[in-house]
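Here is the file model-v5.cif (mmCIF, C-alpha atoms and all ligand atoms).
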data_final
#
loop_
_atom_site.label_atom_id
_atom_site.label_comp_id
_atom_site.auth_asym_id
_atom_site.auth_seq_id
_atom_site.Cartn_x
_atom_site.Cartn_y
_atom_site.Cartn_z
CA MET A 1 27.93 -6.35 -1.69
CA PHE A 2 24.78 -4.33 -1.96
CA SER A 3 21.27 -5.42 -1.13
CA THR A 4 18.19 -4.28 -3.01
CA PRO A 5 14.68 -4.70 -1.61
CA ASP A 6 12.29 -7.20 -3.16
CA PHE A 7 8.60 -6.47 -3.92
CA CYS A 8 7.52 -6.44 -0.27
CA GLY A 9 10.56 -4.41 0.73
CA SER A 10 9.58 -1.79 -1.86
CA ILE A 11 6.28 -1.03 -0.14
CA GLY A 12 6.32 2.28 1.73
CA ASN A 13 8.93 5.05 1.89
CA THR A 14 6.89 7.03 -0.62
CA PRO A 15 7.72 10.69 -1.40
CA LEU A 16 5.87 13.60 0.16
CA ILE A 17 4.77 15.95 -2.63
CA ARG A 18 4.08 19.68 -2.15
CA LEU A 19 0.86 20.83 -3.80
CA ASN A 20 2.17 24.20 -4.97
CA ARG A 21 -0.93 26.08 -6.02
CA LEU A 22 -3.16 24.98 -3.12
CA SER A 23 -0.32 25.82 -0.72
CA GLU A 24 -0.05 29.32 -2.22
CA LEU A 25 -3.80 29.91 -2.16
CA THR A 26 -4.18 28.88 1.49
CA GLY A 27 -0.89 30.11 2.98
CA CYS A 28 -0.26 26.61 4.33
CA GLU A 29 2.09 23.85 3.24
CA ILE A 30 -0.26 21.27 1.72
CA LEU A 31 1.64 18.03 1.25
CA GLY A 32 0.48 14.76 -0.28
CA LYS A 33 2.00 11.40 0.64
CA ALA A 34 2.44 9.70 -2.74
CA GLU A 35 0.97 6.31 -1.85
CA PHE A 36 0.05 5.74 -5.49
CA LEU A 37 3.77 5.07 -6.02
CA ASN A 38 3.66 1.87 -3.97
CA PRO A 39 4.49 -1.15 -6.18
CA GLY A 40 0.85 -2.34 -6.28
CA GLY A 41 -0.30 1.21 -6.99
CA SER A 42 -2.08 2.25 -3.80
CA VAL A 43 -1.97 2.98 -0.09
CA LYS A 44 -3.47 -0.48 0.47
CA ASP A 45 -0.18 -2.24 -0.30
CA ARG A 46 0.78 -1.29 3.24
CA ALA A 47 -2.30 -2.85 4.84
CA ALA A 48 -1.84 -5.98 2.69
CA LEU A 49 1.78 -6.44 3.74
CA GLY A 50 1.06 -5.61 7.39
CA ILE A 51 -1.81 -8.10 7.57
CA VAL A 52 0.07 -10.89 5.77
CA GLU A 53 3.23 -10.54 7.87
CA ASP A 54 1.16 -10.47 11.06
CA ALA A 55 -0.71 -13.63 9.98
CA GLU A 56 2.59 -15.36 9.16
CA ARG A 57 3.98 -14.46 12.60
CA LYS A 58 0.85 -15.83 14.28
CA GLY A 59 0.87 -19.03 12.21
CA LEU A 60 -2.51 -18.16 10.64
CA LEU A 61 -1.08 -18.20 7.12
CA ARG A 62 0.99 -21.23 6.24
CA PRO A 63 3.12 -22.10 3.17
CA GLY A 64 1.01 -22.66 0.05
CA GLY A 65 -2.02 -21.13 1.75
CA THR A 66 -4.77 -18.95 0.32
CA ILE A 67 -5.52 -15.36 1.33
CA VAL A 68 -9.25 -14.53 1.16
CA GLU A 69 -10.56 -10.99 1.38
CA GLY A 70 -13.62 -8.88 0.76
CA THR A 71 -12.38 -5.69 -0.86
CA ALA A 72 -13.39 -2.80 -3.06
CA GLY A 73 -10.24 -3.51 -5.06
CA ASN A 74 -7.03 -1.94 -3.83
CA THR A 75 -6.56 -4.23 -0.84
CA GLY A 76 -7.22 -7.13 -3.19
CA ILE A 77 -4.53 -5.91 -5.56
CA GLY A 78 -2.09 -5.51 -2.66
CA LEU A 79 -2.93 -8.94 -1.23
CA ALA A 80 -2.76 -10.66 -4.62
CA LEU A 81 0.68 -9.21 -5.35
CA VAL A 82 2.10 -9.68 -1.84
CA GLY A 83 0.63 -13.21 -2.03
CA ASN A 84 2.24 -13.91 -5.41
CA SER A 85 5.61 -12.71 -4.16
CA LYS A 86 5.39 -14.95 -1.09
CA GLY A 87 3.79 -18.04 -2.69
CA TYR A 88 0.15 -17.67 -1.56
CA LYS A 89 -2.99 -17.89 -3.70
CA SER A 90 -5.71 -15.27 -3.32
CA ILE A 91 -9.50 -15.23 -3.56
CA ILE A 92 -11.06 -11.77 -3.76
CA VAL A 93 -14.77 -11.15 -3.06
CA ILE A 94 -15.73 -7.78 -4.56
CA PRO A 95 -19.04 -5.89 -4.85
CA ASP A 96 -19.99 -5.87 -8.54
CA SER A 97 -20.70 -2.12 -8.32
CA GLN A 98 -16.96 -1.38 -8.36
CA ALA A 99 -15.12 -0.06 -11.43
CA PRO A 100 -14.62 -2.91 -13.94
CA GLU A 101 -10.95 -1.98 -14.34
CA LYS A 102 -10.26 -3.24 -10.82
CA MET A 103 -11.79 -6.70 -11.40
CA GLU A 104 -9.89 -7.01 -14.67
CA LEU A 105 -6.65 -6.07 -12.94
CA LEU A 106 -7.21 -8.60 -10.15
CA ARG A 107 -7.96 -11.42 -12.60
CA ASN A 108 -4.92 -10.62 -14.72
CA MET A 109 -2.77 -10.57 -11.59
CA GLY A 110 -3.81 -14.16 -10.89
CA ALA A 111 -6.40 -13.67 -8.14
CA GLU A 112 -9.62 -15.64 -8.21
CA VAL A 113 -12.27 -12.90 -8.36
CA ARG A 114 -15.78 -13.47 -7.05
CA PRO A 115 -18.05 -10.48 -7.81
CA VAL A 116 -21.14 -10.32 -5.57
CA PRO A 117 -24.14 -7.97 -5.57
CA PRO A 118 -23.74 -5.07 -3.12
CA ALA A 119 -25.48 -5.70 0.23
CA PRO A 120 -25.44 -3.77 3.52
CA TYR A 121 -23.12 -4.93 6.30
CA SER A 122 -26.16 -6.00 8.31
CA GLU A 123 -27.00 -8.69 5.73
CA PRO A 124 -25.30 -12.11 5.31
CA GLY A 125 -24.80 -11.35 1.60
CA ASN A 126 -22.41 -8.47 2.37
CA TYR A 127 -19.04 -9.06 0.68
CA ASN A 128 -17.15 -9.17 3.98
CA HIS A 129 -19.33 -11.87 5.47
CA ILE A 130 -19.09 -13.87 2.24
CA ALA A 131 -15.28 -13.58 2.33
CA LYS A 132 -15.24 -14.91 5.90
CA ARG A 133 -17.38 -17.91 4.88
CA VAL A 134 -15.24 -18.59 1.80
CA ALA A 135 -12.13 -18.67 4.02
CA GLU A 136 -13.83 -21.10 6.42
CA GLU A 137 -14.82 -23.38 3.54
CA THR A 138 -11.39 -23.32 1.84
CA GLY A 139 -8.54 -25.51 3.10
CA ASN A 140 -5.41 -23.74 4.48
CA ALA A 141 -7.01 -20.31 3.98
CA PHE A 142 -6.73 -17.06 5.91
CA TRP A 143 -9.35 -14.29 5.98
CA ALA A 144 -7.48 -10.95 5.95
CA ASN A 145 -10.42 -9.04 7.53
CA GLN A 146 -8.92 -5.61 6.75
CA PHE A 147 -11.76 -3.69 8.46
CA ASP A 148 -11.41 -5.24 11.92
CA ASN A 149 -7.89 -6.65 11.79
CA THR A 150 -5.81 -3.98 13.51
CA ALA A 151 -2.58 -5.29 11.98
CA ASN A 152 -3.76 -2.86 9.28
CA ALA A 153 -3.53 0.25 11.51
CA ASP A 154 -0.42 -1.12 13.23
CA PHE A 155 1.49 -1.16 9.94
CA HIS A 156 0.64 2.52 9.32
CA PHE A 157 1.75 3.26 12.90
CA LYS A 158 5.06 1.54 12.17
CA THR A 159 5.68 2.95 8.68
CA THR A 160 3.45 5.76 7.29
CA GLY A 161 3.42 7.76 10.55
CA PRO A 162 7.21 7.73 11.11
CA GLU A 163 7.82 8.53 7.41
CA ILE A 164 5.58 11.63 7.62
CA TRP A 165 7.26 12.67 10.87
CA ARG A 166 10.73 12.33 9.30
CA GLN A 167 9.79 13.94 5.98
CA THR A 168 8.40 17.05 7.73
CA ARG A 169 11.19 17.03 10.35
CA GLY A 170 8.47 16.88 12.99
CA GLU A 171 6.88 20.10 11.73
CA VAL A 172 3.63 18.48 10.57
CA SER A 173 0.81 20.38 12.27
CA ALA A 174 -2.16 18.49 10.84
CA PHE A 175 -2.91 15.15 9.21
CA VAL A 176 -6.15 14.53 7.36
CA THR A 177 -7.47 11.53 5.49
CA ALA A 178 -10.70 9.75 4.57
CA ILE A 179 -11.73 6.38 5.93
CA GLY A 180 -12.24 3.06 4.18
CA THR A 181 -11.18 0.67 6.91
CA GLY A 182 -9.76 3.46 9.09
CA GLY A 183 -6.32 1.79 9.10
CA THR A 184 -4.47 4.77 7.64
CA LEU A 185 -6.11 7.35 9.92
CA ALA A 186 -5.78 5.22 13.05
CA GLY A 187 -2.13 4.29 12.50
CA VAL A 188 -0.89 7.70 11.38
CA SER A 189 -2.92 9.69 13.93
CA GLY A 190 -1.70 7.40 16.71
CA PHE A 191 1.95 7.77 15.72
CA LEU A 192 1.87 11.54 15.17
CA LYS A 193 0.10 12.12 18.50
CA SER A 194 2.68 9.89 20.23
CA GLN A 195 5.40 12.26 18.97
CA LYS A 196 3.54 15.54 19.51
CA SER A 197 0.10 15.44 21.12
CA GLU A 198 -0.91 18.85 19.63
CA THR A 199 -0.73 17.48 16.06
CA ARG A 200 -4.23 17.98 14.68
CA THR A 201 -5.70 14.76 13.28
CA VAL A 202 -8.72 15.09 11.05
CA CYS A 203 -11.18 12.79 9.29
CA VAL A 204 -12.54 13.92 5.93
CA ASP A 205 -15.63 12.13 4.70
CA PRO A 206 -17.41 11.95 1.36
CA PHE A 207 -21.18 12.45 1.51
CA GLY A 208 -23.17 9.25 2.03
CA ALA A 209 -20.76 7.97 4.72
CA ALA A 210 -21.10 8.20 8.51
CA MET A 211 -17.58 8.94 9.76
CA TRP A 212 -18.06 12.72 9.83
CA SER A 213 -21.20 12.08 11.83
CA TRP A 214 -19.27 9.79 14.20
CA PHE A 215 -16.34 12.09 14.88
CA ALA A 216 -18.17 15.43 14.79
CA HIS A 217 -21.41 14.36 16.53
CA GLY A 218 -20.71 11.04 18.28
CA HIS A 219 -23.35 9.04 16.39
CA LEU A 220 -23.74 7.41 12.96
CA ASP A 221 -27.08 9.01 12.04
CA PHE A 222 -25.93 11.62 9.46
CA ASP A 223 -25.15 9.69 6.29
CA ASP A 224 -27.05 11.82 3.81
CA GLY A 225 -26.02 12.39 0.21
CA ASP A 226 -23.87 10.28 -2.04
CA SER A 227 -20.40 10.00 -3.54
CA ILE A 228 -18.77 8.28 -6.50
CA ALA A 229 -15.53 7.80 -4.51
CA GLU A 230 -14.54 4.15 -4.19
CA GLY A 231 -12.58 2.62 -1.32
CA ILE A 232 -13.82 5.18 1.22
CA GLY A 233 -17.21 5.90 2.78
CA GLN A 234 -17.64 3.88 5.95
CA GLY A 235 -20.94 3.41 7.79
CA ARG A 236 -19.80 1.64 10.97
CA VAL A 237 -17.09 1.93 13.63
CA THR A 238 -14.67 -0.78 12.53
CA ASP A 239 -11.99 -1.96 14.97
CA ASN A 240 -9.49 0.16 13.01
CA VAL A 241 -11.75 3.26 13.19
CA ALA A 242 -12.10 2.68 16.94
CA LYS A 243 -8.32 3.12 17.31
CA ALA A 244 -8.24 6.47 15.47
CA GLU A 245 -7.47 9.58 17.53
CA VAL A 246 -9.41 12.33 15.78
CA ASP A 247 -9.75 16.03 16.70
CA ALA A 248 -12.09 17.22 13.94
CA ALA A 249 -14.04 16.06 10.91
CA PHE A 250 -15.15 17.68 7.65
CA ARG A 251 -17.18 16.63 4.62
CA VAL A 252 -16.21 17.31 1.01
CA HIS A 253 -18.71 17.42 -1.88
CA ASP A 254 -18.05 15.33 -4.99
CA ARG A 255 -18.26 18.55 -7.05
CA HIS A 256 -15.25 19.87 -5.14
CA MET A 257 -13.49 16.52 -5.41
CA MET A 258 -13.90 16.62 -9.22
CA CYS A 259 -12.59 20.19 -9.32
CA ILE A 260 -9.54 19.16 -7.29
CA LEU A 261 -8.83 16.10 -9.45
CA LYS A 262 -8.84 18.25 -12.59
CA HIS A 263 -6.65 20.87 -10.91
CA LEU A 264 -4.16 18.27 -9.65
CA THR A 265 -3.83 16.79 -13.14
CA GLN A 266 -3.58 20.08 -15.01
CA CYS A 267 -1.58 22.18 -12.54
CA GLU A 268 0.39 19.77 -10.36
CA GLY A 269 1.04 16.84 -12.71
CA LEU A 270 -0.81 14.43 -10.42
CA PHE A 271 -3.32 12.09 -12.12
CA LEU A 272 -5.24 10.77 -9.13
CA GLY A 273 -8.37 8.87 -8.15
CA PRO A 274 -11.47 10.13 -6.31
CA SER A 275 -10.41 9.35 -2.73
CA SER A 276 -7.27 11.47 -3.24
CA GLY A 277 -9.55 14.33 -4.35
CA ILE A 278 -11.61 14.00 -1.16
CA ASN A 279 -8.40 13.92 0.90
CA VAL A 280 -6.94 17.03 -0.73
CA GLY A 281 -10.33 18.73 -0.28
CA GLY A 282 -10.05 17.83 3.41
CA ALA A 283 -6.57 19.38 3.53
CA VAL A 284 -7.95 22.63 2.06
CA LYS A 285 -10.73 22.63 4.67
CA VAL A 286 -8.16 22.14 7.46
CA ALA A 287 -6.16 25.04 5.97
CA LEU A 288 -9.21 27.33 5.91
CA ASP A 289 -10.30 26.25 9.38
CA GLY A 290 -6.94 26.69 11.14
CA GLY A 291 -5.61 29.54 8.98
CA PRO A 292 -2.21 30.12 7.33
CA GLY A 293 1.10 28.72 8.57
CA GLN A 294 0.04 25.10 9.04
CA VAL A 295 1.91 22.11 7.61
CA ILE A 296 -0.89 19.81 6.47
CA VAL A 297 -0.28 16.26 5.26
CA THR A 298 -2.78 14.07 3.44
CA ILE A 299 -2.73 10.83 1.46
CA LEU A 300 -2.64 10.54 -2.34
CA CYS A 301 -4.16 7.04 -2.39
CA ASP A 302 -4.10 5.84 -6.00
CA THR A 303 -4.12 7.08 -9.61
CA ALA A 304 -7.08 7.87 -11.86
CA GLN A 305 -6.19 4.98 -14.16
CA LYS A 306 -8.49 2.53 -12.40
CA TYR A 307 -11.46 4.90 -12.68
CA MET A 308 -11.06 6.28 -16.21
CA SER A 309 -14.18 4.62 -17.63
CA ARG A 310 -16.22 6.64 -15.13
CA LEU A 311 -14.26 9.80 -14.31
CA PHE A 312 -13.92 10.79 -17.96
CA ASP A 313 -17.35 9.73 -19.20
CA PRO A 314 -19.60 12.84 -19.20
CA ASP A 315 -22.74 10.67 -19.51
CA TRP A 316 -21.80 8.50 -16.53
CA LEU A 317 -20.96 11.60 -14.52
CA THR A 318 -24.23 13.31 -15.44
CA GLU A 319 -26.19 10.16 -14.47
CA ASN A 320 -24.41 10.38 -11.12
CA ASP A 321 -25.37 14.03 -10.56
CA LEU A 322 -21.95 15.35 -11.52
CA PRO A 323 -22.53 17.16 -14.83
CA PRO A 324 -19.21 18.59 -16.11
CA GLU A 325 -18.65 22.16 -14.86
CA ASN A 326 -15.81 24.66 -15.09
CA LEU A 327 -15.23 25.27 -11.41
CA THR A 328 -11.80 26.72 -10.59
CA VAL A 329 -9.99 25.93 -7.33
CA GLU A 330 -10.16 29.66 -6.48
CA VAL A 331 -13.98 29.62 -6.66
CA MET A 332 -14.09 26.23 -4.90
CA ILE A 333 -12.11 27.69 -1.99
CA GLU A 334 -14.61 30.56 -1.74
CA GLU A 335 -17.46 28.02 -1.71
CA MET A 336 -15.69 26.03 1.02
CA ARG A 337 -15.21 29.19 3.10
CA ALA A 338 -18.94 29.90 2.79
CA GLU A 339 -19.79 26.33 3.95
CA ALA A 340 -17.74 26.68 7.15
N1 LIG B 1 -8.58 5.34 -1.02
C1 LIG B 1 -8.68 4.21 -1.73
C2 LIG B 1 -8.65 4.30 -3.22
C3 LIG B 1 -8.80 2.98 -1.07
O1 LIG B 1 -8.90 1.84 -1.79
C4 LIG B 1 -8.83 2.95 0.34
C5 LIG B 1 -8.97 1.66 1.08
N2 LIG B 1 -10.17 1.00 0.95
C6 LIG B 1 -8.76 4.15 1.05
C7 LIG B 1 -8.61 5.32 0.33
C8 LIG B 1 -8.88 4.21 2.56
O2 LIG B 1 -7.84 3.70 3.32
P1 LIG B 1 -8.09 2.98 4.72
O3 LIG B 1 -8.70 1.63 4.44
O4 LIG B 1 -6.75 2.87 5.35
O5 LIG B 1 -9.03 3.80 5.55
#
Would you write out, as C-alpha cells, the structure that this file holds?
Amino acid sequence: MFSTPDFCGSIGNTPLIRLNRLSELTGCEILGKAEFLNPGGSVKDRAALGIVEDAERKGLLRPGGTIVEGTAGNTGIGLALVGNSKGYKSIIVIPDSQAPEKMELLRNMGAEVRPVPPAPYSEPGNYNHIAKRVAEETGNAFWANQFDNTANADFHFKTTGPEIWRQTRGEVSAFVTAIGTGGTLAGVSGFLKSQKSETRTVCVDPFGAAMWSWFAHGHLDFDDGDSIAEGIGQGRVTDNVAKAEVDAAFRVHDRHMMCILKHLTQCEGLFLGPSSGINVGGAVKVALDGGPGQVIVTILCDTAQKYMSRLFDPDWLTENDLPPENLTVEVMIEEMRAEA
C-alpha cells in the first residue's frame, strides 16, 4: 500500500530555487523558497494550516464551525481552502483597497467575503477588529487572528525552518524576508538560530512600513514613503513580530522591486508578486552588505497572477509613482551599493 498526502498534507516541502543571475552578480548563493507552489498558491497556506490545527487541538474550532479572519487575501485563500478540505465555512474581512483578483478568488472558492474600507489599526473600523467582532457575533466561529496568534510563527518553526536547514545542508548563512504578520520571519529565524546561532537573520521592509525602523532603530517612527506591495508592510509589533530574532534590517524601493520582478520573469522563469520582489531585493542587499560567499535564503511568496491588473497596467503604475523604466539588475545593484 502507498499513502498520498491530501490537500493539507501537501502544504510545505516546497523546492528551494537558485536565482542564477543574481547569484553570479553578487558572488553569493541566492536561493528562493518556492512558497508560491503551495496548493493554495502562497506562503500563507502554512499559517492557515498551523492556526487551524492549533485551534482544533485546543477545542476552539469545532466540527461544522466557521473560520473568520481579517486578511489582505492570501491568508484568506489558505484558510478558505484548508477550511473546505476539513469541513469548515469561512468569512473573510478584507480591506477594499486590495487587488480585485483576490476578492474574486475568495468568493469563487466559497468564502463569504466582506470588503471594508481601509482604516488604521487604532480605529474600530480596522479589518482585524471587525473580523474579531464578526467571530464573536457568529455561532460556532473561530477568529484566526494571524497577526497575534503565534501558532502562525510556530508552524514556520516546525516546517519552513527545518526545510531550509535540510535543503542547504545547514550551510545557510543568512535568511531574509519581509513582514506581514511576522510569522515567517519569527518562525524561520527562531529555528535557524536554534541550529546555528551565527545564522544572520534579516528583515527587509518596503517603504511606508515601520519594521525597518523597529529592528534598525528600536522605534516605529520611520515609516516614510509608500509601496504597492500587498501582504507586507507592518506598522506595529505584532505578537509574531515580537518573537522574531533579527540581526539587521534593510529597506527596498518599489523601483528596485519592479526591476527584480521583471528580471525574475525574463531571466529566471519566475513570475512572482511584489512581496517576492522586495524579498529578493533584501537578499541582494544582504549579499552586498556581507560580501561574497554567503548562502542567502529568502521567500518567494506568491505569483504575479493575483496582481496582473496593477503590475502590468502602465497607467496604474504611473499613478502610483512607478512609471515604467528600463532599469537593469546590474544598474540596480550599483544603485543599491550607493545607498549602503
Ligand atoms: N507576501 C505576501 C504576498 C503575503 O500575503 C504575506 C502575508 N500577509 C507575506 C508576504 C508576509 O508573510 P508573514 O505574514 O508571514 O509575515
Any idea what's packed within 8 Å of segment 41-52 of chain A, counting only C-alpha atoms, ignoring anything in its chain fewer than 4 positions away? Could you give it as a list in words? Cys8, Ile11, Gly12, Glu35, Phe36, Leu37, Glu56, Leu61, Asn74, Thr75, Ile77, Gly78, Leu79, Val82, Ala144, Gln146, Asn149, Ala151, Asn152, Ala153, Asp154, Phe155, His156, Gly183, Leu300, Cys301, Asp302 and Thr303 of chain A
Would you give the centre and edge lengths, in Å to one decimal, of a box along x, y and z around the listed atoms of segment 222-235 of chain A, with 5 Å added to each side, as AutoDock Vina command-line options?
--center_x -19.8 --center_y 7.5 --center_z 1.5 --size_x 24.5 --size_y 19.8 --size_z 26.0
List the spatial neighbours of Ser122 of chain A as a PyMOL selection string - criterion: any atom at most 12 Å away, all atoms listed in the file, same-chain residues fewer than 5 positions off excluded. chain A and resi 127-129+235-236
I'd like the neighbourhood of Asp321 of chain A as a ChimeraX atom specification, where a residue qualifies if any of its atoms comes within 12 Å (using only C-alpha atoms), though same-chain residues fewer than 6 positions away should be ignored. /A:225-228,253-255,258,314-315
Give as a PyMOL selection string every residue, naming chains and numbers as the document does, that has an atom within 12 Å of (-7.4, 12.6, -5.4), counting all atoms listed in the file. chain A and resi 19+32-36+42+177-178+229-232+252+254+256-265+268-283+298-305+307+311
What does the file look like for those residues with C-alpha atoms, as a CSV table (one decimal), keeping the file's coordinate frame?
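File produced: part_22.csv:
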chain,number,residue,atom,x,y,z
A,19,LEU,CA,0.9,20.8,-3.8
A,32,GLY,CA,0.5,14.8,-0.3
A,33,LYS,CA,2.0,11.4,0.6
A,34,ALA,CA,2.4,9.7,-2.7
A,35,GLU,CA,1.0,6.3,-1.8
A,36,PHE,CA,0.0,5.7,-5.5
A,42,SER,CA,-2.1,2.2,-3.8
A,177,THR,CA,-7.5,11.5,5.5
A,178,ALA,CA,-10.7,9.8,4.6
A,229,ALA,CA,-15.5,7.8,-4.5
A,230,GLU,CA,-14.5,4.2,-4.2
A,231,GLY,CA,-12.6,2.6,-1.3
A,232,ILE,CA,-13.8,5.2,1.2
A,252,VAL,CA,-16.2,17.3,1.0
A,254,ASP,CA,-18.0,15.3,-5.0
A,256,HIS,CA,-15.2,19.9,-5.1
A,257,MET,CA,-13.5,16.5,-5.4
A,258,MET,CA,-13.9,16.6,-9.2
A,259,CYS,CA,-12.6,20.2,-9.3
A,260,ILE,CA,-9.5,19.2,-7.3
A,261,LEU,CA,-8.8,16.1,-9.4
A,262,LYS,CA,-8.8,18.2,-12.6
A,263,HIS,CA,-6.6,20.9,-10.9
A,264,LEU,CA,-4.2,18.3,-9.6
A,265,THR,CA,-3.8,16.8,-13.1
A,268,GLU,CA,0.4,19.8,-10.4
A,269,GLY,CA,1.0,16.8,-12.7
A,270,LEU,CA,-0.8,14.4,-10.4
A,271,PHE,CA,-3.3,12.1,-12.1
A,272,LEU,CA,-5.2,10.8,-9.1
A,273,GLY,CA,-8.4,8.9,-8.2
A,274,PRO,CA,-11.5,10.1,-6.3
A,275,SER,CA,-10.4,9.4,-2.7
A,276,SER,CA,-7.3,11.5,-3.2
A,277,GLY,CA,-9.6,14.3,-4.4
A,278,ILE,CA,-11.6,14.0,-1.2
A,279,ASN,CA,-8.4,13.9,0.9
A,280,VAL,CA,-6.9,17.0,-0.7
A,281,GLY,CA,-10.3,18.7,-0.3
A,282,GLY,CA,-10.0,17.8,3.4
A,283,ALA,CA,-6.6,19.4,3.5
A,298,THR,CA,-2.8,14.1,3.4
A,299,ILE,CA,-2.7,10.8,1.5
A,300,LEU,CA,-2.6,10.5,-2.3
A,301,CYS,CA,-4.2,7.0,-2.4
A,302,ASP,CA,-4.1,5.8,-6.0
A,303,THR,CA,-4.1,7.1,-9.6
A,304,ALA,CA,-7.1,7.9,-11.9
A,305,GLN,CA,-6.2,5.0,-14.2
A,307,TYR,CA,-11.5,4.9,-12.7
A,311,LEU,CA,-14.3,9.8,-14.3
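Counting from atom CA of Pro292 of chain A, the distance to atom CA of Ile179 of chain A is 25.6 Å.
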Nearest to Asp54 of chain A by atom-to-atom distance, counting only C-alpha atoms, from A:Gly190, A:Thr168, A:Thr150, A:Glu330: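 That would be A:Thr150, the residue with the smallest distance to Asp54 of chain A.
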Provide segment 284-300 of chain A of the preceding structure as a file containing N, CA, C and O atoms, as an mmCIF file, in the first residue's frame.
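Dumped to result-v6.cif:
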data_model
loop_
_atom_site.group_PDB
_atom_site.id
_atom_site.type_symbol
_atom_site.label_atom_id
_atom_site.label_comp_id
_atom_site.auth_asym_id
_atom_site.auth_seq_id
_atom_site.Cartn_x
_atom_site.Cartn_y
_atom_site.Cartn_z
ATOM 1 N N VAL A 284 19.615 40.591 -2.090
ATOM 2 C CA VAL A 284 20.733 41.271 -2.774
ATOM 3 C C VAL A 284 21.415 42.230 -1.795
ATOM 4 O O VAL A 284 22.645 42.308 -1.740
ATOM 5 N N LYS A 285 20.637 42.933 -0.994
ATOM 6 C CA LYS A 285 21.234 43.856 -0.017
ATOM 7 C C LYS A 285 22.086 43.101 1.015
ATOM 8 O O LYS A 285 23.159 43.562 1.403
ATOM 9 N N VAL A 286 21.597 41.943 1.452
ATOM 10 C CA VAL A 286 22.380 41.121 2.394
ATOM 11 C C VAL A 286 23.682 40.685 1.718
ATOM 12 O O VAL A 286 24.765 40.702 2.325
ATOM 13 N N ALA A 287 23.585 40.327 0.430
ATOM 14 C CA ALA A 287 24.779 39.896 -0.319
ATOM 15 C C ALA A 287 25.797 41.037 -0.395
ATOM 16 O O ALA A 287 26.991 40.840 -0.153
ATOM 17 N N LEU A 288 25.320 42.232 -0.702
ATOM 18 C CA LEU A 288 26.236 43.378 -0.842
ATOM 19 C C LEU A 288 26.821 43.752 0.516
ATOM 20 O O LEU A 288 27.999 44.098 0.630
ATOM 21 N N ASP A 289 25.995 43.651 1.549
ATOM 22 C CA ASP A 289 26.424 44.046 2.895
ATOM 23 C C ASP A 289 27.483 43.088 3.461
ATOM 24 O O ASP A 289 28.501 43.515 4.007
ATOM 25 N N GLY A 290 27.233 41.786 3.303
ATOM 26 C CA GLY A 290 28.149 40.794 3.907
ATOM 27 C C GLY A 290 29.234 40.321 2.958
ATOM 28 O O GLY A 290 30.170 39.644 3.371
ATOM 29 N N GLY A 291 29.101 40.630 1.665
ATOM 30 C CA GLY A 291 30.114 40.235 0.683
ATOM 31 C C GLY A 291 29.924 38.820 0.168
ATOM 32 O O GLY A 291 29.041 38.094 0.629
ATOM 33 N N PRO A 292 30.766 38.433 -0.829
ATOM 34 C CA PRO A 292 30.635 37.137 -1.492
ATOM 35 C C PRO A 292 30.811 35.950 -0.551
ATOM 36 O O PRO A 292 31.386 36.091 0.530
ATOM 37 N N GLY A 293 30.293 34.794 -1.011
ATOM 38 C CA GLY A 293 30.494 33.544 -0.260
ATOM 39 C C GLY A 293 29.344 33.175 0.651
ATOM 40 O O GLY A 293 29.330 32.089 1.225
ATOM 41 N N GLN A 294 28.353 34.054 0.784
ATOM 42 C CA GLN A 294 27.227 33.733 1.671
ATOM 43 C C GLN A 294 26.200 32.848 0.954
ATOM 44 O O GLN A 294 26.065 32.906 -0.267
ATOM 45 N N VAL A 295 25.475 32.062 1.748
ATOM 46 C CA VAL A 295 24.321 31.307 1.242
ATOM 47 C C VAL A 295 23.085 31.997 1.821
ATOM 48 O O VAL A 295 22.843 31.941 3.029
ATOM 49 N N ILE A 296 22.353 32.695 0.946
ATOM 50 C CA ILE A 296 21.269 33.567 1.415
ATOM 51 C C ILE A 296 19.929 33.008 0.945
ATOM 52 O O ILE A 296 19.727 32.788 -0.250
ATOM 53 N N VAL A 297 19.038 32.787 1.886
ATOM 54 C CA VAL A 297 17.722 32.233 1.552
ATOM 55 C C VAL A 297 16.654 33.297 1.777
ATOM 56 O O VAL A 297 16.688 34.025 2.780
ATOM 57 N N THR A 298 15.717 33.393 0.837
ATOM 58 C CA THR A 298 14.554 34.254 1.027
ATOM 59 C C THR A 298 13.292 33.514 0.585
ATOM 60 O O THR A 298 13.352 32.350 0.190
ATOM 61 N N ILE A 299 12.167 34.201 0.678
ATOM 62 C CA ILE A 299 10.871 33.566 0.418
ATOM 63 C C ILE A 299 10.276 34.108 -0.889
ATOM 64 O O ILE A 299 10.197 35.328 -1.077
ATOM 65 N N LEU A 300 9.865 33.197 -1.766
ATOM 66 C CA LEU A 300 9.132 33.584 -2.977
ATOM 67 C C LEU A 300 7.659 33.335 -2.644
ATOM 68 O O LEU A 300 7.171 32.201 -2.699
#
